[in-house]
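K.L.:
Contents of upload21.csv (CSV, C-alpha atoms and all ligand atoms) are given next:
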chain,number,residue,atom,x,y,z
H,1,MET,CA,0.0,0.0,0.0
H,2,SER,CA,1.4,3.4,-0.9
H,3,PRO,CA,1.8,5.9,2.0
H,4,ASP,CA,-0.8,8.6,2.4
H,5,TYR,CA,1.9,11.3,2.6
H,6,ARG,CA,4.3,12.6,0.1
H,7,ILE,CA,7.7,14.2,0.5
H,8,ARG,CA,8.4,17.3,-1.5
H,9,GLU,CA,10.2,20.7,-1.6
H,10,VAL,CA,9.0,23.4,0.7
H,11,ARG,CA,6.7,26.1,-0.8
H,12,THR,CA,5.6,29.6,0.3
H,13,THR,CA,2.1,28.1,0.7
H,14,ASP,CA,3.4,25.9,3.5
H,15,ARG,CA,3.8,28.9,5.8
H,16,GLU,CA,0.7,28.5,7.8
H,17,SER,CA,0.9,24.8,8.4
H,18,ILE,CA,4.6,24.9,9.3
H,19,VAL,CA,4.3,27.8,11.6
H,20,GLN,CA,1.2,26.5,13.4
H,21,GLY,CA,2.9,23.0,13.7
H,22,TYR,CA,5.9,24.6,15.3
H,23,LEU,CA,3.8,26.8,17.7
H,24,ALA,CA,1.8,23.6,18.7
H,25,LEU,CA,5.1,22.3,20.2
H,26,TYR,CA,4.6,24.8,23.1
H,27,GLN,CA,1.3,23.3,24.0
H,28,GLU,CA,2.8,19.8,23.6
H,29,ARG,CA,5.5,20.8,26.0
H,30,GLU,CA,2.8,21.8,28.5
H,31,ASN,CA,1.3,18.4,28.3
H,32,HIS,CA,4.6,16.5,28.0
H,33,PRO,CA,7.4,18.4,29.7
H,34,THR,CA,10.0,15.9,28.5
H,35,LEU,CA,9.3,16.7,24.8
H,36,GLY,CA,12.7,16.3,23.2
H,37,ILE,CA,13.2,19.5,21.2
H,38,VAL,CA,14.8,22.7,22.2
H,39,LEU,CA,12.3,25.5,22.7
H,40,ALA,CA,12.2,29.1,23.9
H,41,LYS,CA,10.8,29.9,27.4
H,42,THR,CA,7.6,31.3,26.0
H,43,PRO,CA,6.1,30.8,22.5
H,44,PRO,CA,7.4,33.2,19.8
H,45,THR,CA,5.0,35.4,18.1
H,46,VAL,CA,3.4,34.5,14.8
H,47,GLU,CA,5.3,37.4,13.3
H,48,ALA,CA,8.6,36.0,14.5
H,49,GLU,CA,7.8,32.6,13.1
H,50,ASN,CA,6.8,34.2,9.8
H,51,ALA,CA,10.2,35.9,9.7
H,52,TRP,CA,11.8,32.5,10.4
H,53,PHE,CA,9.9,30.9,7.6
H,54,ASP,CA,10.9,33.7,5.2
H,55,ALA,CA,14.6,33.2,6.2
H,56,LEU,CA,14.2,29.4,5.6
H,57,LEU,CA,12.9,30.0,2.1
H,58,GLU,CA,15.7,32.4,1.4
H,59,ALA,CA,18.3,30.0,2.7
H,60,VAL,CA,16.9,27.3,0.4
H,61,ARG,CA,17.0,29.7,-2.5
H,62,VAL,CA,20.7,30.5,-2.0
H,63,GLY,CA,21.7,26.9,-1.3
H,64,LYS,CA,22.4,27.2,2.4
H,65,LYS,CA,19.7,24.8,3.4
H,66,VAL,CA,18.3,21.5,2.1
H,67,VAL,CA,14.7,21.3,3.1
H,68,ARG,CA,11.9,18.8,2.5
H,69,VAL,CA,8.4,18.7,3.9
H,70,ALA,CA,5.9,15.8,4.3
H,71,GLU,CA,2.4,16.6,2.9
H,72,VAL,CA,-0.8,15.0,4.1
H,73,GLY,CA,-4.1,16.2,2.7
H,74,GLY,CA,-2.6,19.3,1.2
H,75,ARG,CA,-0.9,20.4,4.4
H,76,ALA,CA,2.7,20.2,5.5
H,77,VAL,CA,2.9,18.0,8.6
H,78,GLY,CA,6.6,17.6,9.0
H,79,LEU,CA,9.8,19.3,8.0
H,80,CYS,CA,13.5,18.2,7.8
H,81,GLU,CA,16.2,20.7,7.2
H,82,VAL,CA,20.0,20.5,6.9
H,83,THR,CA,21.7,23.9,7.3
H,84,GLN,CA,25.2,24.2,5.9
H,85,LYS,CA,27.6,25.5,8.6
H,86,GLY,CA,30.3,28.0,7.7
H,87,SER,CA,29.9,31.7,7.1
H,88,ASP,CA,31.7,34.7,5.7
H,89,THR,CA,34.1,34.4,8.8
H,90,ASN,CA,34.2,30.6,8.9
H,91,ALA,CA,35.2,28.7,5.7
H,92,ASP,CA,36.4,25.7,7.7
H,93,GLU,CA,33.1,24.1,8.5
H,94,ALA,CA,31.3,24.6,5.2
H,95,HIS,CA,31.5,20.9,4.5
H,96,VAL,CA,29.3,20.2,7.6
H,97,GLY,CA,25.5,20.6,7.9
H,98,GLU,CA,23.3,20.6,11.0
H,99,LEU,CA,20.0,18.6,10.8
H,100,GLY,CA,16.7,19.4,12.3
H,101,LEU,CA,13.5,17.3,12.1
H,102,LEU,CA,9.9,17.7,13.2
H,103,VAL,CA,6.8,15.8,12.5
H,104,HIS,CA,3.5,17.2,13.8
H,105,GLU,CA,2.2,15.2,16.8
H,106,ARG,CA,-0.8,13.5,15.1
H,107,HIS,CA,1.3,12.2,12.3
H,108,ARG,CA,4.1,10.5,14.2
H,109,GLY,CA,4.9,6.8,14.2
H,110,GLN,CA,3.8,6.4,10.5
H,111,GLY,CA,7.3,6.4,8.9
H,112,ILE,CA,7.1,10.1,7.9
H,113,GLY,CA,10.2,11.1,10.0
H,114,GLU,CA,12.2,8.4,8.4
H,115,ALA,CA,11.1,9.2,4.9
H,116,LEU,CA,11.8,12.9,5.4
H,117,ILE,CA,15.3,12.4,6.7
H,118,ARG,CA,16.2,9.8,4.0
H,119,GLU,CA,15.1,12.2,1.3
H,120,VAL,CA,17.0,15.2,2.8
H,121,LEU,CA,20.2,13.1,3.3
H,122,ALA,CA,20.1,11.9,-0.3
H,123,ARG,CA,19.9,15.5,-1.4
H,124,CYS,CA,22.9,16.5,0.8
H,125,ALA,CA,25.1,13.9,-0.9
H,126,GLY,CA,27.6,15.7,-3.1
H,127,ARG,CA,27.0,19.0,-1.3
H,128,LEU,CA,28.2,18.2,2.2
H,129,GLU,CA,30.5,15.7,3.7
H,130,ILE,CA,29.2,15.4,7.3
H,131,VAL,CA,25.8,15.9,8.8
H,132,VAL,CA,25.5,16.5,12.6
H,133,LEU,CA,22.7,16.9,15.0
H,134,SER,CA,21.9,17.4,18.6
H,135,VAL,CA,19.3,15.3,20.4
H,136,PHE,CA,18.0,15.1,23.9
H,137,GLY,CA,19.5,12.1,25.7
H,138,ASN,CA,16.0,11.0,26.7
H,139,ASN,CA,14.5,11.3,23.2
H,140,THR,CA,14.7,7.6,22.4
H,141,ARG,CA,12.3,7.8,19.5
H,142,ALA,CA,14.5,10.3,17.6
H,143,LYS,CA,17.8,8.6,18.6
H,144,ARG,CA,16.5,5.2,17.3
H,145,LEU,CA,15.4,6.9,14.0
H,146,TYR,CA,18.8,8.6,13.6
H,147,ALA,CA,20.7,5.4,14.3
H,148,LYS,CA,18.5,3.5,11.8
H,149,VAL,CA,19.5,5.9,9.0
H,150,GLY,CA,23.2,5.6,9.9
H,151,PHE,CA,23.9,8.3,12.4
H,152,ARG,CA,26.5,7.5,15.2
H,153,SER,CA,27.0,9.0,18.6
H,154,CYS,CA,29.9,11.4,18.8
H,155,GLY,CA,29.6,12.8,22.3
H,156,SER,CA,27.3,14.0,25.0
H,157,LEU,CA,27.2,17.0,27.3
H,158,PRO,CA,26.0,15.6,30.6
H,159,ARG,CA,22.9,17.5,31.9
H,160,GLY,CA,23.2,19.8,28.9
H,161,ILE,CA,19.5,20.2,28.8
H,162,LYS,CA,17.6,21.7,31.8
H,163,ARG,CA,13.9,22.2,31.7
H,164,GLN,CA,11.4,22.8,34.5
H,165,GLY,CA,13.7,21.1,37.1
H,166,PHE,CA,14.7,18.0,35.1
H,167,TYR,CA,18.0,17.5,33.3
H,168,THR,CA,18.9,15.3,30.4
H,169,ASP,CA,22.1,15.0,28.4
H,170,SER,CA,22.6,16.9,25.1
H,171,ASP,CA,23.8,14.2,22.7
H,172,ARG,CA,25.6,14.8,19.4
H,173,MET,CA,25.3,12.4,16.5
H,174,TYR,CA,26.9,12.5,13.0
H,175,LEU,CA,26.7,10.9,9.6
H,176,GLU,CA,29.5,10.9,7.1
H,177,LEU,CA,28.2,11.3,3.6
H,178,VAL,CA,31.7,10.8,2.1
H,179,PRO,CA,33.0,7.2,2.1
H,180,PRO,CA,35.7,6.5,4.7
H,181,GLY,CA,39.2,6.9,3.2
H,182,ALA,CA,38.0,9.6,0.7
H,183,HIS,CA,39.1,12.4,3.0
H,184,SER,CA,42.5,14.0,2.6
H,185,ARG,CA,44.8,13.8,5.6
H,186,ALA,CA,44.0,16.1,8.5
H,187,ALA,CA,46.7,18.7,9.2
H,188,ALA,CA,48.2,18.9,12.7
H,189,SER,CA,47.4,22.2,14.4
T,1,LIG,C1,11.4,12.2,16.3
T,1,LIG,C2,10.4,12.3,15.2
T,1,LIG,C3,10.8,13.3,14.2
T,1,LIG,C4,10.2,10.9,14.5
T,1,LIG,O1,9.3,11.1,13.5
T,1,LIG,P1,8.2,9.9,13.2
T,1,LIG,O2,7.5,10.3,11.9
T,1,LIG,O3,7.3,9.7,14.4
T,1,LIG,O4,9.1,8.6,13.0
T,1,LIG,P2,8.8,7.4,12.1
T,1,LIG,O5,7.4,7.0,12.1
T,1,LIG,O6,9.5,7.6,10.8
T,1,LIG,O7,9.6,6.3,12.8
T,1,LIG,C5,11.0,6.0,12.6
T,1,LIG,C6,11.6,5.3,13.7
T,1,LIG,O8,11.4,6.1,14.9
T,1,LIG,C7,11.3,5.2,16.0
T,1,LIG,N1,10.0,5.3,16.5
T,1,LIG,C8,8.8,5.6,16.0
T,1,LIG,N2,7.8,5.6,16.9
T,1,LIG,C9,8.4,5.3,18.0
T,1,LIG,C10,7.9,5.1,19.4
T,1,LIG,N3,6.6,5.3,19.7
T,1,LIG,N4,8.8,4.7,20.3
T,1,LIG,C11,10.1,4.5,20.1
T,1,LIG,N5,10.6,4.6,18.8
T,1,LIG,C12,9.8,5.0,17.8
T,1,LIG,C13,11.6,3.8,15.4
T,1,LIG,O9,12.9,3.5,15.4
T,1,LIG,C14,11.1,3.9,14.0
T,1,LIG,O10,11.6,2.9,13.3
T,1,LIG,P3,10.8,1.5,13.1
T,1,LIG,O11,10.0,1.6,11.8
T,1,LIG,O12,11.9,0.6,13.1
T,1,LIG,O13,9.9,1.3,14.3
T,1,LIG,C15,9.0,12.8,15.8
T,1,LIG,O14,8.7,11.9,16.8
T,1,LIG,C16,9.0,14.2,16.3
T,1,LIG,O15,8.8,15.1,15.5
T,1,LIG,N6,9.1,14.4,17.6
T,1,LIG,C17,9.1,15.7,18.3
T,1,LIG,C18,10.2,16.6,17.8
T,1,LIG,C19,11.5,15.9,18.0
T,1,LIG,O16,11.8,15.2,18.9
T,1,LIG,N7,12.3,16.1,17.0
T,1,LIG,C20,13.7,15.6,17.0
T,1,LIG,C21,14.6,16.6,17.6
T,1,LIG,S1,16.3,16.0,17.7
Take the structure from the file and write it as structure tokens.
Ligand SMILES: CC(C)(COP(=O)(O)OP(=O)(O)OC[C@H]1O[C@@H](n2cnc3c(N)ncnc32)[C@H](O)[C@@H]1OP(=O)(O)O)[C@@H](O)C(=O)NCCC(=O)NCCS

P.N.:
Amino acid sequence: MSPDYRIREVRTTDRESIVQGYLALYQERENHPTLGIVLAKTPPTVEAENAWFDALLEAVRVGKKVVRVAEVGGRAVGLCEVTQKGSDTNADEAHVGELGLLVHERHRGQGIGEALIREVLARCAGRLEIVVLSVFGNNTRAKRLYAKVGFRSCGSLPRGIKRQGFYTDSDRMYLELVPPGAHSRAAAS
């Protein structure tokens, strides 16, 4: 049976569903304080989120981000992005991208997260060499997914996350898109 979602590029018309889906995380955190995603203390304004969405579209346009959304019934219900590191003052990390992933609550556990991440990683190949991410130590669902698509642990900041009186580790994971041995030798510093 074919899935009832499709993975596609992000469009201007996704603004409302993406912004509302993100803002819904704040209510979800109220209900489930251990929700494994970094959030602000209080919800951002819709205007701030709209500005974030504009910046996302622009970053896609200039090739600084690879983004895919999952669409169900005409609405975007999940988003995966990889943002190229590096900047005007940092040329040395431009081969590395940072991954973020979110599936709206009602649509989880149906394979959408996995489909999103696989599609984005496929599109990063040839553009980036390494993809990294941060994940809450207690976010077993996300960590299992990342391991399933090939990410490996590369460190952890003990108690790096503190929310409403509980702590969890801030874990880092990475995936090499370039086959081992294809890198040039690292210079000693
Ligand atoms: C993490 C998240 C993106 C996963 O997306 P999803 O669409 O629910 O994941 P999928 O349905 O593709 O499942 C992929 C894998 O996740 C894991 N998974 C899914 N549901 C799970 C559950 N209830 N418990 C434990 N692991 C689960 C499994 O490893 C699954 O693989 P499987 O097919 O072998 O079971 C989603 O739960 C989410 O958006 N969570 C809130 C935000 C968040 O935590 N983002 C990540 C920040 S680092």

K.L.:
Please, which residues have at least one atom within 10 Å of an atom of ligand LIG 1 (chain T), using only C-alpha atoms and all ligand atoms, listed as a ChimeraX atom specification?

P.N.:
/H:22,25,28-29,34-38,70,77-80,99-118,133-149,170-173

K.L.:
Rounded to one decimal in Å, what is the spacing between CA of Val131 in chain H and CA of Glu9 in chain H?

P.N.:
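Computing it gives 19.4 Å between the two atoms.
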
K.L.:
Work out how far apart CA of Thr83 in chain H and CA of Val66 in chain H are and give it in Å to one decimal.

P.N.:
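According to the coordinates, CA of Thr83 in chain H and CA of Val66 in chain H are separated by 6.7 Å.
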
K.L.:
From the options H:Ala76, H:Leu128, H:Val82, H:Ala91, which residue's atoms come nearest to Glu16 in chain H, counting only C-alpha atoms?

P.N.:
H:Ala76

K.L.:
CA of Val132 in chain H and CA of Asn90 in chain H, how far apart in Å?

P.N.:
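Separation between CA of Asn90 in chain H and CA of Val132 in chain H: 17.0 Å.
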
K.L.:
Please list as a PyMOL selection string every residue within 8 Å of range 174-179 of chain H, counting all atoms listed in the file and excluding residues in the same chain fewer than 3 positions away.

P.N.:
chain H and resi 124-125+128-133+150-154+182-183

K.L.:
Which of these, H:Pro33, H:Thr45, H:Thr89, H:Gly21, has the shortest distance to Lys162 in chain H once you count only C-alpha atoms?

P.N.:
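Closest to Lys162 in chain H, using only C-alpha atoms: H:Pro33.
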
K.L.:
Skip Thr13 in chain H itself and residues of its chain fewer than 3 positions away, then list as a PDB file with C-alpha atoms, in the coordinates of the input all residues within 12 Å of it, counting only C-alpha atoms.

P.N.:
ATOM      1  CA  GLU H   9      10.200  20.700  -1.600  1.00  0.00           C
ATOM      2  CA  VAL H  10       9.000  23.400   0.700  1.00  0.00           C
ATOM      3  CA  GLU H  16       0.700  28.500   7.800  1.00  0.00           C
ATOM      4  CA  SER H  17       0.900  24.800   8.400  1.00  0.00           C
ATOM      5  CA  ILE H  18       4.600  24.900   9.300  1.00  0.00           C
ATOM      6  CA  VAL H  19       4.300  27.800  11.600  1.00  0.00           C
ATOM      7  CA  ASN H  50       6.800  34.200   9.800  1.00  0.00           C
ATOM      8  CA  PHE H  53       9.900  30.900   7.600  1.00  0.00           C
ATOM      9  CA  ASP H  54      10.900  33.700   5.200  1.00  0.00           C
ATOM     10  CA  LEU H  57      12.900  30.000   2.100  1.00  0.00           C
ATOM     11  CA  VAL H  69       8.400  18.700   3.900  1.00  0.00           C
ATOM     12  CA  GLU H  71       2.400  16.600   2.900  1.00  0.00           C
ATOM     13  CA  GLY H  74      -2.600  19.300   1.200  1.00  0.00           C
ATOM     14  CA  ARG H  75      -0.900  20.400   4.400  1.00  0.00           C
ATOM     15  CA  ALA H  76       2.700  20.200   5.500  1.00  0.00           C
TER      16      ALA H  76
END

K.L.:
Check the smallest atom-to-atom distance from each of H:Val60, H:Lys41, H:Glu98, H:Asp88 to Gln164 in chain H using all atoms listed in the file, then report the winner.

P.N.:
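Checking each of H:Val60, H:Lys41, H:Glu98, H:Asp88 against Gln164 in chain H, counting all atoms listed in the file, the winner is H:Lys41.
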
K.L.:
Using only C-alpha atoms, which of the listed residues (H:Ser87, H:Arg68, H:Glu47, H:Ala40) sits closest to Asp14 in chain H?

P.N.:
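That would be H:Arg68, the residue with the smallest distance to Asp14 in chain H.
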